[in-house]
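Structure, as structure tokens:
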Amino acid sequence: MKHNVLAGAVTAVGCILGIPAFAQGSVTTVLAADWDTLDPHLTKSTHGFQMALALYDRVVALDADGTIVPYLATSWEARPDGVTLQIGEGATCADGTPVDAAIVAASMARYADPATNAPYRGRTFGTGAATVTHDDAAQTVTIALETPNSDLMLSLAMPWSSVVCPAGLAAPEGMQAEPQGSGPFTLTESRRGDTYVMKRRDDRGWGPSLGELTGSPPETLTVRVSANTTTTANLFVTGEANVVSITGKDIERLAAEPSVDRQDITLFGSDGLMFAHMPGRVTNEPLVRRALSHAVDREGFNRAFAFGYGTVLDTLTTPSMQCYDASVGANTPGYDLARAEELLIEAGFARNSDGQWERDGAPLTIRVIGYGSQNAGPEFLMESWRQFGIDASLVMGEFGSWFETLQAMTDWDASIFPYNSSIPSPSLFVAQITGAPKPAGPNYQGEENPRYAEAARAALAAGPEDRCALWAAAEQILLDEADTLPLVARNVATFTRGVSVQMISGTVYEPNALRLAN
């Protein structure tokens with residue numbers, strides 16, 4: 001799926017579309033894990049993004065081809081260091097409060113405030129301060145950036161830039177479980193970790209300019225939670241879900257089902273090997289990281305992790321993203337046990353009489369953490385390193401417990417990390433790899449690579465003609481220093497029955513575009 005982005009000085013003009021009356025009907029979709037929060041500015045996962053898209057509005061949206069289109073903003077004038085948005089009329093919060101320029105500005109100001117600790121603030125507002133002002137008479141909102149950000153407009157179309165209504169701004173802690181938005185649906189039933197039921201707003205007279213859509217919007221949107229891909233596929237087969245996104249071996253089974261439609265999409269960003277860079281962890285040493293990388297057969301990993309349905313890449317950036325450049329991965333470590341052995345010896349390790357690696361009498365110990373939907377991928381890593389003579393152990397859990405361990409930044413050395421998101425720009429890696437470590441920031445690895453951070457800042461500040469070359473240079477730094485090892489780009493097949501769906505990324509869809517066949 002190719003995404004085109006309006007860059008430079010742009011004026012886009014459109015109208016807030018009226019949405020026709022809907023017929024009776026429902027859509028049931030499935031999340032691979034539960035959401036973390038219903039505060040769109042604070043959610044960190046694609047599961048939270050999907051909920052935000054249904055419950056909140058944004059100032060702009062992405063059409064099916066990735067073009068930025070009007071939503072709450074009917075037009076805009078973008079500059080390298082900011083944008084002025086013309087806010088349309090007619091939208092209301094779920095509690096009836098009209099959405100105007102003042103409300104949009106207040107939401108953006110809260111999102112831009114460093115004190116909010118929004119994990120994806122940097123993707124939208126860049127590395128510097130952001131000032132948000134509005135004009136009541138003109139109904140405009142102006143965002144001024146201290147540091148230019150080439151991804152500003154693209155990020156404003158993302159769920160983390162959703163507009164929060166005044167009730168949410170007044171009591172933000174309540175948005176942990178109760179949304180406060182103006183989106184197409186309202187949450188009517190919530191069973192954590194199981195099922196969420198959302199009712200389409202019968203007063204909905206606005207929405208994004210998504211072109212010609214045929215069919216009727218669903219009256220009810222139900223979201224099920226299923227961490228097991230086969231269970232998700234079974235929900236589709238039995239008719240308990242009519243929209244599912246599937247990876248791995250169940251793709252062929254669903255493709256054989258009668259009366260199904262299928263979309264194939266490669267996720268934005270690879271799943272990669274994340275190393276703990278905290279002081280005191282052996283993976284803080286570049287030689288050790290590179291040796292561990294050379295000891296992984298990524299084709300074998302693909303079979304264990306994605307049942308062979310993934311694509312082994314040498315880059316974190318995937319072909320479906322902007323600025324993809326295959327040549328960046330020329331020096332990515334390949335499977336080479338002899339080279340891995342040389343690197344460990346250079347790092348001061350030696351094999352003992354049992355063939356196990358040790359240094360100064362202490363074994364080389366690696367603690368791997370993983371979660372269920374990574375299938376046998378974590379076990380494959382552990383066994384690969386064990387067979388190479390490393391004392392490797394594995395802790396598996398559900399997504400939530402894995403994420404808590406990752407954030408605690410204590411008892412782990414390596415994990416498979418989903419370096420992917422809904423944004424098709426290389427900037428998606430910045431929030432995960434740079435900045436302050438947890439708990440102060442979203443840097444899960446624990447230590448910033450200053451060379452990468454500087455290169456990423458240059459790419460974010462660049463114009464459209466220079467940004468891709470600068471992003472390539474930034475990613476090259478990560479790969480050359482073995483900060484991470486790209487493993488597999490996951491290929492996702494979305495199956496639908498009686499429903500048309502517009503995918504934003506491999507697993508995230510646009511709720512405004514859901515249509516039931518008439």
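We label chains A, B, ... in the order they appear in the structure tokens, count residues from 1 in each chain, and number ligands from 1 in the order shown.
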Find the residues of stretch 320-435 of chain A that sit at most 6 Å from stretch 276-297 of chain A; for each, write down the nearest two atoms and how far apart they are in Å, to one decimal. Count only C-alpha atoms. Sort by chain, then by number going up, and give it as JSON lines.
```
{"residue": "A:Pro333", "atom": "CA", "partner": "A:His294", "partner_atom": "CA", "distance": 5.4}
{"residue": "A:Gly334", "atom": "CA", "partner": "A:His294", "partner_atom": "CA", "distance": 5.5}
{"residue": "A:Tyr335", "atom": "CA", "partner": "A:His294", "partner_atom": "CA", "distance": 4.8}
{"residue": "A:Asp336", "atom": "CA", "partner": "A:His294", "partner_atom": "CA", "distance": 5.1}
{"residue": "A:Leu337", "atom": "CA", "partner": "A:Ala295", "partner_atom": "CA", "distance": 5.4}
{"residue": "A:Ala340", "atom": "CA", "partner": "A:Ala291", "partner_atom": "CA", "distance": 4.1}
{"residue": "A:Leu343", "atom": "CA", "partner": "A:Ala291", "partner_atom": "CA", "distance": 5.6}
{"residue": "A:Asp413", "atom": "CA", "partner": "A:Ala276", "partner_atom": "CA", "distance": 4.9}
```
TODO: Please provide as a PyMOL selection string all residues within 12 Å of stretch 233-240 of chain A, with the sequence filter that same-chain residues fewer than 4 positions apart are discarded (counting only C-alpha atoms).
DONE: chain A and resi 26-32+195+222-229+244-260+493-498
Open item on the list: Could you list, as a PyMOL selection string, every residue within 6 Å of stretch 207-215 of chain A, counting only C-alpha atoms and ignoring same-chain residues fewer than 6 positions away?
Closed with: chain A and resi 16-17+63+69-71+515-518
Would you export the selected residues with N, CA and C atoms as a short mmCIF file (atom, residue, chain, number, x, y, z; two decimals), in the first residue's frame, please?
```
data_model
loop_
_atom_site.label_atom_id
_atom_site.label_comp_id
_atom_site.auth_asym_id
_atom_site.auth_seq_id
_atom_site.Cartn_x
_atom_site.Cartn_y
_atom_site.Cartn_z
N ILE A 16 -16.53 18.88 4.84
CA ILE A 16 -16.88 17.84 5.79
C ILE A 16 -18.09 17.12 5.22
N LEU A 17 -17.91 15.83 4.94
CA LEU A 17 -18.95 15.08 4.27
C LEU A 17 -20.09 14.73 5.22
N ASP A 63 -6.77 8.99 3.16
CA ASP A 63 -7.63 8.27 2.24
C ASP A 63 -7.01 6.91 1.96
N VAL A 69 -6.46 14.00 3.76
CA VAL A 69 -7.74 14.58 3.35
C VAL A 69 -8.38 15.31 4.52
N PRO A 70 -9.33 16.21 4.23
CA PRO A 70 -10.01 16.97 5.30
C PRO A 70 -10.81 16.09 6.24
N TYR A 71 -10.92 16.58 7.48
CA TYR A 71 -11.75 15.91 8.49
C TYR A 71 -12.40 17.02 9.32
N ARG A 515 -18.37 -0.19 5.80
CA ARG A 515 -19.65 -0.23 5.10
C ARG A 515 -20.14 -1.67 4.98
N LEU A 516 -21.41 -1.87 5.30
CA LEU A 516 -22.06 -3.16 5.12
C LEU A 516 -22.68 -3.22 3.74
N ALA A 517 -22.59 -4.38 3.11
CA ALA A 517 -23.20 -4.55 1.79
C ALA A 517 -24.71 -4.38 1.90
N ASN A 518 -25.27 -3.62 0.98
CA ASN A 518 -26.73 -3.40 1.01
C ASN A 518 -27.47 -4.64 0.49
#
```
Task: Shell of 10 Å around A:Val60, only C-alpha atoms, local chain residues under 5 positions omitted, as an MDAnalysis selection string - done: chainID A and resid 68:76 85 153:158 161:162 207:209
Produce a file of the selected residues containing N, CA, C and O atoms, as a short mmCIF file (atom, residue, chain, number, x, y, z; two decimals), in the first residue's frame.
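Writing done, so here's again05.cif:
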```
data_model
loop_
_atom_site.label_atom_id
_atom_site.label_comp_id
_atom_site.auth_asym_id
_atom_site.auth_seq_id
_atom_site.Cartn_x
_atom_site.Cartn_y
_atom_site.Cartn_z
N ILE A 68 -3.51 12.76 2.39
CA ILE A 68 -4.10 13.48 3.53
C ILE A 68 -5.34 14.22 3.05
O ILE A 68 -5.30 14.96 2.06
N VAL A 69 -6.46 14.00 3.76
CA VAL A 69 -7.74 14.58 3.35
C VAL A 69 -8.38 15.31 4.52
O VAL A 69 -8.05 15.09 5.68
N PRO A 70 -9.33 16.21 4.23
CA PRO A 70 -10.01 16.97 5.30
C PRO A 70 -10.81 16.09 6.24
O PRO A 70 -11.31 15.03 5.87
N TYR A 71 -10.92 16.58 7.48
CA TYR A 71 -11.75 15.91 8.49
C TYR A 71 -12.40 17.02 9.32
O TYR A 71 -13.27 17.72 8.79
N LEU A 72 -11.97 17.24 10.56
CA LEU A 72 -12.48 18.41 11.29
C LEU A 72 -11.98 19.70 10.65
O LEU A 72 -12.65 20.73 10.71
N ALA A 73 -10.78 19.65 10.09
CA ALA A 73 -10.25 20.80 9.35
C ALA A 73 -10.68 20.66 7.89
O ALA A 73 -10.44 19.63 7.25
N THR A 74 -11.31 21.70 7.36
CA THR A 74 -11.76 21.66 5.97
C THR A 74 -10.66 22.08 5.01
O THR A 74 -10.73 21.78 3.82
N SER A 75 -9.65 22.79 5.50
CA SER A 75 -8.51 23.19 4.67
C SER A 75 -7.35 23.53 5.59
O SER A 75 -7.54 23.66 6.81
N TRP A 76 -6.17 23.67 5.02
CA TRP A 76 -5.00 24.00 5.83
C TRP A 76 -3.90 24.60 4.97
O TRP A 76 -3.86 24.42 3.75
N LEU A 85 -4.88 25.56 10.46
CA LEU A 85 -6.01 24.70 10.12
C LEU A 85 -7.31 25.48 10.16
O LEU A 85 -7.57 26.21 11.13
N MET A 153 1.97 16.96 9.10
CA MET A 153 0.63 16.71 8.58
C MET A 153 0.28 15.23 8.62
O MET A 153 -0.85 14.85 8.94
N LEU A 154 1.24 14.39 8.29
CA LEU A 154 0.99 12.95 8.35
C LEU A 154 0.64 12.53 9.78
O LEU A 154 -0.28 11.74 10.00
N SER A 155 1.35 13.06 10.76
CA SER A 155 1.11 12.69 12.15
C SER A 155 -0.24 13.21 12.66
O SER A 155 -0.88 12.57 13.49
N LEU A 156 -0.68 14.36 12.14
CA LEU A 156 -1.99 14.87 12.56
C LEU A 156 -3.13 13.98 12.09
O LEU A 156 -4.24 14.05 12.63
N ALA A 157 -2.86 13.13 11.11
CA ALA A 157 -3.87 12.17 10.64
C ALA A 157 -3.88 10.88 11.46
O ALA A 157 -4.73 10.02 11.24
N MET A 158 -2.94 10.76 12.38
CA MET A 158 -2.79 9.53 13.15
C MET A 158 -3.66 9.55 14.42
O MET A 158 -3.99 10.62 14.94
N SER A 161 -3.08 11.77 17.52
CA SER A 161 -3.36 13.21 17.43
C SER A 161 -4.84 13.51 17.51
O SER A 161 -5.29 14.58 17.12
N SER A 162 -5.62 12.57 18.04
CA SER A 162 -7.07 12.76 18.14
C SER A 162 -7.43 13.97 18.99
O SER A 162 -6.68 14.37 19.88
N GLY A 207 -17.57 13.89 8.93
CA GLY A 207 -16.61 12.80 8.84
C GLY A 207 -15.51 13.15 7.86
O GLY A 207 -15.55 14.21 7.23
N PRO A 208 -14.51 12.31 7.72
CA PRO A 208 -13.42 12.59 6.81
C PRO A 208 -13.85 12.45 5.35
O PRO A 208 -14.78 11.71 5.03
N SER A 209 -13.18 13.17 4.46
CA SER A 209 -13.48 13.13 3.03
C SER A 209 -12.81 11.91 2.41
O SER A 209 -11.71 11.99 1.85
#
```
Open item on the list: Let's see if you can do this: from backbone DSSP, list all alpha helix (DSSP H) residues in stretch 160-216 of chain A, as a PyMOL selection string.
Closed with: chain A and resi 166-170
Now that the selection is made, can you save its residues with C-alpha atoms as a PDB file, in the first residue's frame?
```pdb
ATOM      1  CA  PRO A 166     -13.481  19.458  27.162  1.00  0.00           C
ATOM      2  CA  ALA A 167     -14.786  16.806  29.578  1.00  0.00           C
ATOM      3  CA  GLY A 168     -11.654  14.766  28.969  1.00  0.00           C
ATOM      4  CA  LEU A 169      -9.344  17.754  29.318  1.00  0.00           C
ATOM      5  CA  ALA A 170     -11.010  18.650  32.623  1.00  0.00           C
TER       6      ALA A 170
END
```
TODO: Any chance you could list, as an NGL selection string, the residues in stretch 334-515 of chain A that come up strand (DSSP E) when DSSP is run on the backbone?
DONE: :A and (350-351 or 357-359 or 362-363 or 365-371 or 391-397 or 414-418 or 484-489 or 491-496 or 499-500 or 515)
Task: All residues 12 Å or closer to A:Pro450, only C-alpha atoms, same chain fewer than 3 positions away omitted, as a PyMOL selection string - done: chain A and resi 430+433-436+447+453-457+474+477-478+481+483
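Take atom CA of A:Val499 and atom CA of A:Asp261: the distance between them is 8.6 Å.
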TODO: Would you please work out which residue, of A:Thr220, A:Thr46, A:Ser427, A:Gln387, is nearest to A:Thr127 when using only C-alpha atoms?
DONE: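 The shortest atom-to-atom distance to A:Thr127 comes from A:Ser427.
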Task: Residues near A:Thr318, cut-off 8 Å, only C-alpha atoms, skip fewer than 2 positions along chain, as JSON, numbers by chain - done: {"A": [266, 267, 268, 269, 270, 313, 315, 316, 320, 321, 324, 489]}
Task: Counting only C-alpha atoms, the residue of A:Glu383, A:Asn352, A:Phe275, A:Gly463 that sits nearest A:Ala414 - done: A:Phe275
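The neighbours of A:Pro363 here are the residues that come within 8 Å of it, using only C-alpha atoms and leaving out any residue fewer than 4 positions away in the same chain; they are A:Gln356, A:Trp357, A:Glu358, A:Arg359, A:Ile390, A:Asp391.
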- [ ] Please indicate the distance in Å from atom CA of A:Ser190 to atom CA of A:Ser401, rounded to one decimal place.
- [x]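 Distance reported for this atom pair: 21.1 Å.
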